[in-house]
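Undergrad: Contents of my_file37.pdb (PDB, C-alpha atoms and all ligand atoms) are given next:
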ATOM      1  CA  MET X   1      -9.375  35.510   0.923  1.00  0.00           C
ATOM      2  CA  ASP X   2      -9.768  38.644   3.036  1.00  0.00           C
ATOM      3  CA  ALA X   3     -10.595  36.534   6.100  1.00  0.00           C
ATOM      4  CA  LEU X   4      -7.363  34.548   5.656  1.00  0.00           C
ATOM      5  CA  ILE X   5      -5.249  37.717   5.291  1.00  0.00           C
ATOM      6  CA  GLU X   6      -6.988  39.121   8.354  1.00  0.00           C
ATOM      7  CA  GLY X   7      -6.207  35.836  10.157  1.00  0.00           C
ATOM      8  CA  TYR X   8      -2.558  36.197   9.187  1.00  0.00           C
ATOM      9  CA  ARG X   9      -2.445  39.748  10.576  1.00  0.00           C
ATOM     10  CA  HIS X  10      -3.991  38.509  13.803  1.00  0.00           C
ATOM     11  CA  PHE X  11      -1.404  35.686  13.962  1.00  0.00           C
ATOM     12  CA  ARG X  12       1.426  38.235  13.599  1.00  0.00           C
ATOM     13  CA  LYS X  13       0.057  40.361  16.420  1.00  0.00           C
ATOM     14  CA  THR X  14      -0.767  37.544  18.832  1.00  0.00           C
ATOM     15  CA  TYR X  15       0.560  33.997  18.272  1.00  0.00           C
ATOM     16  CA  TYR X  16       3.787  35.026  16.564  1.00  0.00           C
ATOM     17  CA  ARG X  17       4.590  37.599  19.204  1.00  0.00           C
ATOM     18  CA  GLU X  18       3.795  35.247  22.088  1.00  0.00           C
ATOM     19  CA  ASN X  19       5.730  32.308  20.574  1.00  0.00           C
ATOM     20  CA  GLU X  20       8.535  34.148  18.825  1.00  0.00           C
ATOM     21  CA  LYS X  21      11.275  32.252  20.646  1.00  0.00           C
ATOM     22  CA  LEU X  22       9.818  28.827  19.814  1.00  0.00           C
ATOM     23  CA  LEU X  23       9.320  29.781  16.173  1.00  0.00           C
ATOM     24  CA  LYS X  24      12.804  31.321  15.807  1.00  0.00           C
ATOM     25  CA  ASP X  25      14.361  28.238  17.445  1.00  0.00           C
ATOM     26  CA  LEU X  26      12.481  25.980  15.030  1.00  0.00           C
ATOM     27  CA  PHE X  27      13.651  28.150  12.158  1.00  0.00           C
ATOM     28  CA  GLU X  28      17.307  28.041  13.282  1.00  0.00           C
ATOM     29  CA  ARG X  29      17.555  24.440  14.455  1.00  0.00           C
ATOM     30  CA  GLY X  30      15.149  22.782  12.053  1.00  0.00           C
ATOM     31  CA  GLN X  31      12.408  20.387  12.922  1.00  0.00           C
ATOM     32  CA  SER X  32      12.650  17.288  15.112  1.00  0.00           C
ATOM     33  CA  PRO X  33       9.056  16.145  15.557  1.00  0.00           C
ATOM     34  CA  LYS X  34       8.497  12.940  17.516  1.00  0.00           C
ATOM     35  CA  THR X  35       5.176  12.250  15.825  1.00  0.00           C
ATOM     36  CA  MET X  36       3.985  11.780  12.297  1.00  0.00           C
ATOM     37  CA  MET X  37       0.281  12.031  11.561  1.00  0.00           C
ATOM     38  CA  ILE X  38      -1.687  10.957   8.522  1.00  0.00           C
ATOM     39  CA  ALA X  39      -4.965  12.866   8.526  1.00  0.00           C
ATOM     40  CA  CYS X  40      -7.650  13.632   5.963  1.00  0.00           C
ATOM     41  CA  SER X  41      -7.514  16.746   3.778  1.00  0.00           C
ATOM     42  CA  ASP X  42     -11.061  17.468   4.978  1.00  0.00           C
ATOM     43  CA  SER X  43     -11.323  21.143   5.967  1.00  0.00           C
ATOM     44  CA  ARG X  44     -13.112  20.257   9.224  1.00  0.00           C
ATOM     45  CA  ILE X  45     -10.114  18.412  10.598  1.00  0.00           C
ATOM     46  CA  ASP X  46      -7.580  20.655  12.297  1.00  0.00           C
ATOM     47  CA  PRO X  47      -5.056  18.817  14.487  1.00  0.00           C
ATOM     48  CA  ALA X  48      -3.535  22.089  15.709  1.00  0.00           C
ATOM     49  CA  LEU X  49      -6.906  23.176  17.041  1.00  0.00           C
ATOM     50  CA  GLN X  50      -8.382  19.831  18.061  1.00  0.00           C
ATOM     51  CA  LEU X  51      -5.218  18.219  19.486  1.00  0.00           C
ATOM     52  CA  GLY X  52      -3.267  21.280  20.569  1.00  0.00           C
ATOM     53  CA  ALA X  53      -0.329  20.488  18.291  1.00  0.00           C
ATOM     54  CA  ARG X  54       2.198  23.339  18.096  1.00  0.00           C
ATOM     55  CA  PRO X  55       4.515  24.134  15.182  1.00  0.00           C
ATOM     56  CA  GLY X  56       7.316  21.550  15.215  1.00  0.00           C
ATOM     57  CA  ASP X  57       5.266  18.898  17.058  1.00  0.00           C
ATOM     58  CA  VAL X  58       3.760  16.875  14.241  1.00  0.00           C
ATOM     59  CA  PHE X  59       5.092  15.909  10.830  1.00  0.00           C
ATOM     60  CA  MET X  60       1.832  16.003   8.945  1.00  0.00           C
ATOM     61  CA  VAL X  61       0.529  14.275   5.857  1.00  0.00           C
ATOM     62  CA  ARG X  62      -2.966  15.042   4.748  1.00  0.00           C
ATOM     63  CA  ASN X  63      -4.589  13.196   1.905  1.00  0.00           C
ATOM     64  CA  VAL X  64      -8.032  12.096   0.766  1.00  0.00           C
ATOM     65  CA  ALA X  65      -9.478   9.814   3.494  1.00  0.00           C
ATOM     66  CA  ASN X  66      -6.245   9.639   5.544  1.00  0.00           C
ATOM     67  CA  LEU X  67      -5.035   6.551   3.699  1.00  0.00           C
ATOM     68  CA  VAL X  68      -1.667   4.834   3.651  1.00  0.00           C
ATOM     69  CA  PRO X  69      -1.034   2.892   0.439  1.00  0.00           C
ATOM     70  CA  PRO X  70       0.825  -0.412   0.555  1.00  0.00           C
ATOM     71  CA  TYR X  71       4.608  -0.387   0.048  1.00  0.00           C
ATOM     72  CA  ARG X  72       5.169  -0.267  -3.696  1.00  0.00           C
ATOM     73  CA  PRO X  73       8.534   1.213  -4.692  1.00  0.00           C
ATOM     74  CA  ASP X  74       8.411   2.071  -8.387  1.00  0.00           C
ATOM     75  CA  SER X  75       8.838   5.141 -10.605  1.00  0.00           C
ATOM     76  CA  GLU X  76       5.353   6.571  -9.910  1.00  0.00           C
ATOM     77  CA  PHE X  77       4.813   9.640  -7.697  1.00  0.00           C
ATOM     78  CA  HIS X  78       4.055   8.485  -4.147  1.00  0.00           C
ATOM     79  CA  SER X  79       3.614  11.531  -1.947  1.00  0.00           C
ATOM     80  CA  THR X  80       2.372   9.747   1.176  1.00  0.00           C
ATOM     81  CA  SER X  81       5.041   7.035   0.930  1.00  0.00           C
ATOM     82  CA  ALA X  82       7.764   9.668   0.397  1.00  0.00           C
ATOM     83  CA  ALA X  83       6.644  11.554   3.511  1.00  0.00           C
ATOM     84  CA  LEU X  84       6.591   8.302   5.443  1.00  0.00           C
ATOM     85  CA  GLU X  85      10.110   7.425   4.333  1.00  0.00           C
ATOM     86  CA  PHE X  86      11.395  10.855   5.347  1.00  0.00           C
ATOM     87  CA  ALA X  87       9.623  10.745   8.712  1.00  0.00           C
ATOM     88  CA  VAL X  88      10.845   7.264   9.655  1.00  0.00           C
ATOM     89  CA  LEU X  89      14.350   7.206   8.184  1.00  0.00           C
ATOM     90  CA  ALA X  90      15.456  10.863   8.409  1.00  0.00           C
ATOM     91  CA  LEU X  91      13.404  12.360  11.256  1.00  0.00           C
ATOM     92  CA  LYS X  92      13.192   9.056  13.133  1.00  0.00           C
ATOM     93  CA  VAL X  93       9.733   9.797  14.509  1.00  0.00           C
ATOM     94  CA  GLU X  94       8.694   7.693  17.498  1.00  0.00           C
ATOM     95  CA  HIS X  95       4.980   7.607  16.741  1.00  0.00           C
ATOM     96  CA  ILE X  96       2.814   7.399  13.639  1.00  0.00           C
ATOM     97  CA  ILE X  97      -0.865   8.233  14.079  1.00  0.00           C
ATOM     98  CA  VAL X  98      -3.466   7.529  11.407  1.00  0.00           C
ATOM     99  CA  LEU X  99      -6.305   9.915  12.241  1.00  0.00           C
ATOM    100  CA  GLY X 100      -9.624   8.840  10.770  1.00  0.00           C
ATOM    101  CA  HIS X 101     -12.685  11.037  11.037  1.00  0.00           C
ATOM    102  CA  ALA X 102     -16.466  10.948  11.009  1.00  0.00           C
ATOM    103  CA  ARG X 103     -18.429  11.781   7.842  1.00  0.00           C
ATOM    104  CA  CYS X 104     -15.358  11.366   5.638  1.00  0.00           C
ATOM    105  CA  GLY X 105     -16.293  12.212   2.047  1.00  0.00           C
ATOM    106  CA  GLY X 106     -13.604   9.905   0.654  1.00  0.00           C
ATOM    107  CA  ILE X 107     -14.956   6.945   2.598  1.00  0.00           C
ATOM    108  CA  ALA X 108     -18.531   7.843   1.617  1.00  0.00           C
ATOM    109  CA  ALA X 109     -17.384   7.761  -2.023  1.00  0.00           C
ATOM    110  CA  LEU X 110     -15.794   4.362  -1.452  1.00  0.00           C
ATOM    111  CA  LEU X 111     -19.110   3.004  -0.158  1.00  0.00           C
ATOM    112  CA  SER X 112     -21.209   4.546  -2.906  1.00  0.00           C
ATOM    113  CA  GLY X 113     -18.770   3.811  -5.721  1.00  0.00           C
ATOM    114  CA  ALA X 114     -19.383   7.387  -6.892  1.00  0.00           C
ATOM    115  CA  HIS X 115     -15.846   7.904  -8.225  1.00  0.00           C
ATOM    116  CA  ALA X 116     -15.176   4.426  -9.561  1.00  0.00           C
ATOM    117  CA  GLY X 117     -13.975   4.872 -13.146  1.00  0.00           C
ATOM    118  CA  ARG X 118     -15.242   8.456 -13.208  1.00  0.00           C
ATOM    119  CA  SER X 119     -12.308  10.437 -11.860  1.00  0.00           C
ATOM    120  CA  ASP X 120      -8.674  10.901 -12.772  1.00  0.00           C
ATOM    121  CA  PHE X 121      -7.304  10.132  -9.317  1.00  0.00           C
ATOM    122  CA  VAL X 122      -9.817   9.939  -6.458  1.00  0.00           C
ATOM    123  CA  GLY X 123     -11.485   6.663  -7.459  1.00  0.00           C
ATOM    124  CA  ASN X 124      -8.206   4.831  -7.725  1.00  0.00           C
ATOM    125  CA  TRP X 125      -6.820   6.392  -4.539  1.00  0.00           C
ATOM    126  CA  ILE X 126      -9.731   5.387  -2.317  1.00  0.00           C
ATOM    127  CA  ARG X 127      -9.489   1.850  -3.681  1.00  0.00           C
ATOM    128  CA  ILE X 128      -6.739   1.481  -1.043  1.00  0.00           C
ATOM    129  CA  ALA X 129      -9.579   1.155   1.482  1.00  0.00           C
ATOM    130  CA  GLU X 130     -11.407  -1.549  -0.482  1.00  0.00           C
ATOM    131  CA  PRO X 131     -10.977  -4.093   2.359  1.00  0.00           C
ATOM    132  CA  ALA X 132     -12.944  -1.667   4.569  1.00  0.00           C
ATOM    133  CA  ARG X 133     -15.810  -1.627   2.070  1.00  0.00           C
ATOM    134  CA  GLN X 134     -15.772  -5.416   1.991  1.00  0.00           C
ATOM    135  CA  ALA X 135     -15.926  -5.521   5.799  1.00  0.00           C
ATOM    136  CA  VAL X 136     -19.005  -3.290   5.679  1.00  0.00           C
ATOM    137  CA  GLU X 137     -20.683  -5.523   3.095  1.00  0.00           C
ATOM    138  CA  ALA X 138     -19.882  -8.594   5.191  1.00  0.00           C
ATOM    139  CA  ALA X 139     -21.371  -6.945   8.299  1.00  0.00           C
ATOM    140  CA  ASN X 140     -24.712  -6.623   6.472  1.00  0.00           C
ATOM    141  CA  LEU X 141     -25.634  -3.320   8.134  1.00  0.00           C
ATOM    142  CA  HIS X 142     -28.693  -1.421   6.921  1.00  0.00           C
ATOM    143  CA  ASP X 143     -28.254   1.838   8.788  1.00  0.00           C
ATOM    144  CA  ASP X 144     -26.222   4.329   6.730  1.00  0.00           C
ATOM    145  CA  ASP X 145     -24.569   5.926   9.759  1.00  0.00           C
ATOM    146  CA  GLN X 146     -23.444   2.525  11.021  1.00  0.00           C
ATOM    147  CA  ARG X 147     -22.110   1.591   7.589  1.00  0.00           C
ATOM    148  CA  ARG X 148     -20.116   4.823   7.370  1.00  0.00           C
ATOM    149  CA  LEU X 149     -18.771   4.509  10.890  1.00  0.00           C
ATOM    150  CA  LEU X 150     -17.650   0.933  10.303  1.00  0.00           C
ATOM    151  CA  ALA X 151     -16.038   1.844   6.967  1.00  0.00           C
ATOM    152  CA  GLU X 152     -14.213   4.808   8.532  1.00  0.00           C
ATOM    153  CA  LEU X 153     -12.853   2.710  11.408  1.00  0.00           C
ATOM    154  CA  GLU X 154     -11.974  -0.240   9.159  1.00  0.00           C
ATOM    155  CA  SER X 155     -10.163   2.061   6.736  1.00  0.00           C
ATOM    156  CA  VAL X 156      -7.925   3.238   9.584  1.00  0.00           C
ATOM    157  CA  LYS X 157      -7.112  -0.427  10.231  1.00  0.00           C
ATOM    158  CA  VAL X 158      -6.310  -0.927   6.532  1.00  0.00           C
ATOM    159  CA  SER X 159      -3.861   1.979   6.704  1.00  0.00           C
ATOM    160  CA  LEU X 160      -2.236   0.589   9.856  1.00  0.00           C
ATOM    161  CA  LYS X 161      -1.828  -2.771   8.116  1.00  0.00           C
ATOM    162  CA  ASN X 162      -0.367  -1.085   5.027  1.00  0.00           C
ATOM    163  CA  LEU X 163       2.065   0.905   7.206  1.00  0.00           C
ATOM    164  CA  ARG X 164       3.575  -2.388   8.317  1.00  0.00           C
ATOM    165  CA  THR X 165       4.259  -3.392   4.691  1.00  0.00           C
ATOM    166  CA  PHE X 166       6.975  -0.700   4.577  1.00  0.00           C
ATOM    167  CA  PRO X 167      10.102  -2.645   5.589  1.00  0.00           C
ATOM    168  CA  TRP X 168      11.703   0.186   7.570  1.00  0.00           C
ATOM    169  CA  VAL X 169       8.427   0.852   9.440  1.00  0.00           C
ATOM    170  CA  LYS X 170       8.228  -2.813  10.399  1.00  0.00           C
ATOM    171  CA  THR X 171      11.880  -2.890  11.439  1.00  0.00           C
ATOM    172  CA  ALA X 172      11.554   0.253  13.594  1.00  0.00           C
ATOM    173  CA  GLU X 173       8.357  -1.037  15.190  1.00  0.00           C
ATOM    174  CA  ASP X 174       9.818  -4.470  15.903  1.00  0.00           C
ATOM    175  CA  ALA X 175      12.905  -2.833  17.442  1.00  0.00           C
ATOM    176  CA  GLY X 176      10.646  -0.788  19.739  1.00  0.00           C
ATOM    177  CA  HIS X 177      11.694   2.578  18.281  1.00  0.00           C
ATOM    178  CA  LEU X 178       8.337   3.290  16.663  1.00  0.00           C
ATOM    179  CA  LYS X 179       4.741   2.965  17.817  1.00  0.00           C
ATOM    180  CA  ILE X 180       1.768   2.935  15.458  1.00  0.00           C
ATOM    181  CA  HIS X 181      -1.627   4.299  16.509  1.00  0.00           C
ATOM    182  CA  GLY X 182      -5.140   4.386  15.071  1.00  0.00           C
ATOM    183  CA  TRP X 183      -7.263   7.373  16.132  1.00  0.00           C
ATOM    184  CA  TYR X 184     -10.673   8.625  15.055  1.00  0.00           C
ATOM    185  CA  PHE X 185     -12.177  12.066  15.546  1.00  0.00           C
ATOM    186  CA  ASN X 186     -15.806  13.173  15.343  1.00  0.00           C
ATOM    187  CA  ILE X 187     -16.240  16.908  14.831  1.00  0.00           C
ATOM    188  CA  GLY X 188     -19.958  16.657  15.594  1.00  0.00           C
ATOM    189  CA  THR X 189     -19.417  15.377  19.140  1.00  0.00           C
ATOM    190  CA  GLY X 190     -15.879  16.764  19.557  1.00  0.00           C
ATOM    191  CA  LEU X 191     -14.813  13.307  20.761  1.00  0.00           C
ATOM    192  CA  LEU X 192     -11.610  11.419  20.016  1.00  0.00           C
ATOM    193  CA  TRP X 193     -11.475   7.616  19.848  1.00  0.00           C
ATOM    194  CA  ARG X 194      -8.350   5.518  20.022  1.00  0.00           C
ATOM    195  CA  GLN X 195      -7.671   1.940  19.038  1.00  0.00           C
ATOM    196  CA  ASN X 196      -6.831  -0.172  22.091  1.00  0.00           C
ATOM    197  CA  ALA X 197      -4.552  -3.201  22.352  1.00  0.00           C
ATOM    198  CA  ASP X 198      -7.443  -5.478  21.287  1.00  0.00           C
ATOM    199  CA  GLY X 199      -7.910  -3.494  18.080  1.00  0.00           C
ATOM    200  CA  LYS X 200     -11.201  -1.941  19.233  1.00  0.00           C
ATOM    201  CA  PHE X 201     -11.786   1.820  19.188  1.00  0.00           C
ATOM    202  CA  GLU X 202     -12.616   3.402  22.534  1.00  0.00           C
ATOM    203  CA  GLN X 203     -13.308   6.969  23.566  1.00  0.00           C
ATOM    204  CA  VAL X 204     -10.313   8.799  25.035  1.00  0.00           C
TER     205      VAL X 204
HETATM  206 ZN    ZN X 301     -12.058  12.593   5.147  1.00  0.00          ZN
END
Let me see the structure of the file written as structure tokens.
Ligand SMILES: [Zn+2]

TA:
Amino acid sequence: MDALIEGYRHFRKTYYRENEKLLKDLFERGQSPKTMMIACSDSRIDPALQLGARPGDVFMVRNVANLVPPYRPDSEFHSTSAALEFAVLALKVEHIIVLGHARCGGIAALLSGAHAGRSDFVGNWIRIAEPARQAVEAANLHDDDQRRLLAELESVKVSLKNLRTFPWVKTAEDAGHLKIHGWYFNIGTGLLWRQNADGKFEQV
């Protein structure tokens, strides 16, 4: 805790002072980010640090394994879907990025089945990425790293597909107001990959 309080004091003395105008403007005028990002809650992922995002740039959702559930309006509590609705309909973001990442614990749990039936929430949540697990099984890979990589990339594709089940996402994309992107970051190499027009991931 002391390190975080120390970090806050450092922020006040440096970043806050140097960016006071930007931060005060954001405070007064409110936010108008052009980009929404869905990233993993994993503590190693830090879009501000790794992508240079400033306050006000990115409307951020972080959840276990950076997943987007399918469109399912009902009386349950849907935090990711609520954020998506606000970003698309109220903020009118122009881009949505699903940021996958290497060595994702949520995706590892999906592959191992570790949480299936043995957790209150995680096991059911990561079931969203079940098509990614099936793709890995179908690929018949024996190397664990390759299995994880494929599952992580395929799960980003599942989320992109699910995004398009939200009617207002589909409408905005079809009208050309919204672009949807699949990205993948590896903290070990520091490299970012991006899905190209053919659906393949290539290094940026
Ligand atoms: Zn993760």

Undergrad: Translate the PyMOL selection byres (((not hetatm)) within 9 of (chain X and resi 301)) into a concrete residue list for this structure, as a PyMOL selection string.

TA: chain X and resi 39-45+63-66+100-108+152

Undergrad: Kindly export the residues of the current selection with C-alpha atoms, as a PDB file, in the coordinates of the input.

TA:
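Output contents, as saved in result27.pdb:
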ATOM      1  CA  ALA X  39      -4.965  12.866   8.526  1.00  0.00           C
ATOM      2  CA  CYS X  40      -7.650  13.632   5.963  1.00  0.00           C
ATOM      3  CA  SER X  41      -7.514  16.746   3.778  1.00  0.00           C
ATOM      4  CA  ASP X  42     -11.061  17.468   4.978  1.00  0.00           C
ATOM      5  CA  SER X  43     -11.323  21.143   5.967  1.00  0.00           C
ATOM      6  CA  ARG X  44     -13.112  20.257   9.224  1.00  0.00           C
ATOM      7  CA  ILE X  45     -10.114  18.412  10.598  1.00  0.00           C
ATOM      8  CA  ASN X  63      -4.589  13.196   1.905  1.00  0.00           C
ATOM      9  CA  VAL X  64      -8.032  12.096   0.766  1.00  0.00           C
ATOM     10  CA  ALA X  65      -9.478   9.814   3.494  1.00  0.00           C
ATOM     11  CA  ASN X  66      -6.245   9.639   5.544  1.00  0.00           C
ATOM     12  CA  GLY X 100      -9.624   8.840  10.770  1.00  0.00           C
ATOM     13  CA  HIS X 101     -12.685  11.037  11.037  1.00  0.00           C
ATOM     14  CA  ALA X 102     -16.466  10.948  11.009  1.00  0.00           C
ATOM     15  CA  ARG X 103     -18.429  11.781   7.842  1.00  0.00           C
ATOM     16  CA  CYS X 104     -15.358  11.366   5.638  1.00  0.00           C
ATOM     17  CA  GLY X 105     -16.293  12.212   2.047  1.00  0.00           C
ATOM     18  CA  GLY X 106     -13.604   9.905   0.654  1.00  0.00           C
ATOM     19  CA  ILE X 107     -14.956   6.945   2.598  1.00  0.00           C
ATOM     20  CA  ALA X 108     -18.531   7.843   1.617  1.00  0.00           C
ATOM     21  CA  GLU X 152     -14.213   4.808   8.532  1.00  0.00           C
TER      22      GLU X 152
END

Undergrad: Kindly indicate which residue among X:Ala82, X:Val98, X:Val68, X:Ala151 lies nearest to Leu110 of chain X, using all atoms listed in the file for the distances.

TA: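 So, comparing all the options, the nearest one is X:Ala151.
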
Undergrad: Kindly give the distance, in Å, that separates atom CA of Thr165 of chain X and atom CA of Ser81 of chain X, rounded to a single decimal.

TA: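 Between these atoms lies a distance of 11.1 Å.
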
Undergrad: When distances are computed from only C-alpha atoms, which of X:Val136, X:Ala83, X:Ala197, X:Leu26 shows the smallest separation from Asp57 of chain X?

TA: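 Among X:Val136, X:Ala83, X:Ala197, X:Leu26, it is X:Leu26 that comes nearest to Asp57 of chain X.
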
Undergrad: Rank X:Gln203, X:Gln50, X:Ser112, X:Thr14 by their smallest atom-to-atom distance to Asp144 of chain X, using all atoms listed in the file, and report the top residue only.

TA: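 Smallest distance to Asp144 of chain X is found for X:Ser112.
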
Undergrad: Select all residues near (9.4, 10.1, 16.8) (cut-off 7 Å, inclusive, file coordinates), counting all atoms listed in the file, and output them as a compact mmCIF listing (two decimals) with C-alpha atoms, keeping the file's coordinate frame.

TA:
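New file part39.txt:
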# COMPACT_ATOMS: atom_id res chain seq x y z
CA PRO X 33 9.06 16.14 15.56
CA LYS X 34 8.50 12.94 17.52
CA THR X 35 5.18 12.25 15.82
CA LYS X 92 13.19 9.06 13.13
CA VAL X 93 9.73 9.80 14.51
CA GLU X 94 8.69 7.69 17.50
CA HIS X 95 4.98 7.61 16.74
CA LEU X 178 8.34 3.29 16.66

Undergrad: Report, in Å with one decimal, the straight-line distance from atom CA of Lys161 of chain X to atom CA of Phe185 of chain X.

TA: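 Result for atom CA of Lys161 of chain X versus atom CA of Phe185 of chain X: 19.6 Å, one decimal.
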
Undergrad: Rounded to one decimal place, report the atom CA of His142 of chain X-atom CA of Val204 of chain X distance in Å.

TA: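 We find that atom CA of His142 of chain X and atom CA of Val204 of chain X lie 27.8 Å from each other.
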
Undergrad: Around the point (-10.5, 6.1, 21.3), in the coordinates given by the file, pick out the residues reaching within 9 Å, counting all atoms listed in the file, and return them as a PyMOL selection string.

TA: chain X and resi 182-185+191-196+200-204

Undergrad: Looking at X:Leu67, X:Glu173, X:Ala139, X:Asp2, which one is nearest to Asn124 of chain X, with distances taken over all atoms listed in the file?

TA: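 Closest residue, counting all atoms listed in the file: X:Leu67.
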
Undergrad: Kindly indicate which residue among X:Arg54, X:Glu28, X:Ser155, X:Phe166 lies nearest to Thr80 of chain X, using all atoms listed in the file for the distances.

TA: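 Of the candidates, the smallest distance to Thr80 of chain X is held by X:Phe166.
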
Undergrad: Restricting the calculation to only C-alpha atoms: of X:Ala175, X:Val88, X:Leu99, X:Ile5, which residue gets closest to Asp46 of chain X?

TA: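 Closest to Asp46 of chain X of all the choices is X:Leu99.
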
Undergrad: Contacts of Leu91 of chain X at 10 Å or less, counting only C-alpha atoms, minus same-chain residues fewer than 5 places along, as a list in words?

TA: Gln31, Ser32, Pro33, Lys34, Thr35, Met36, Phe59, Leu84, Glu85 and Phe86 of chain X
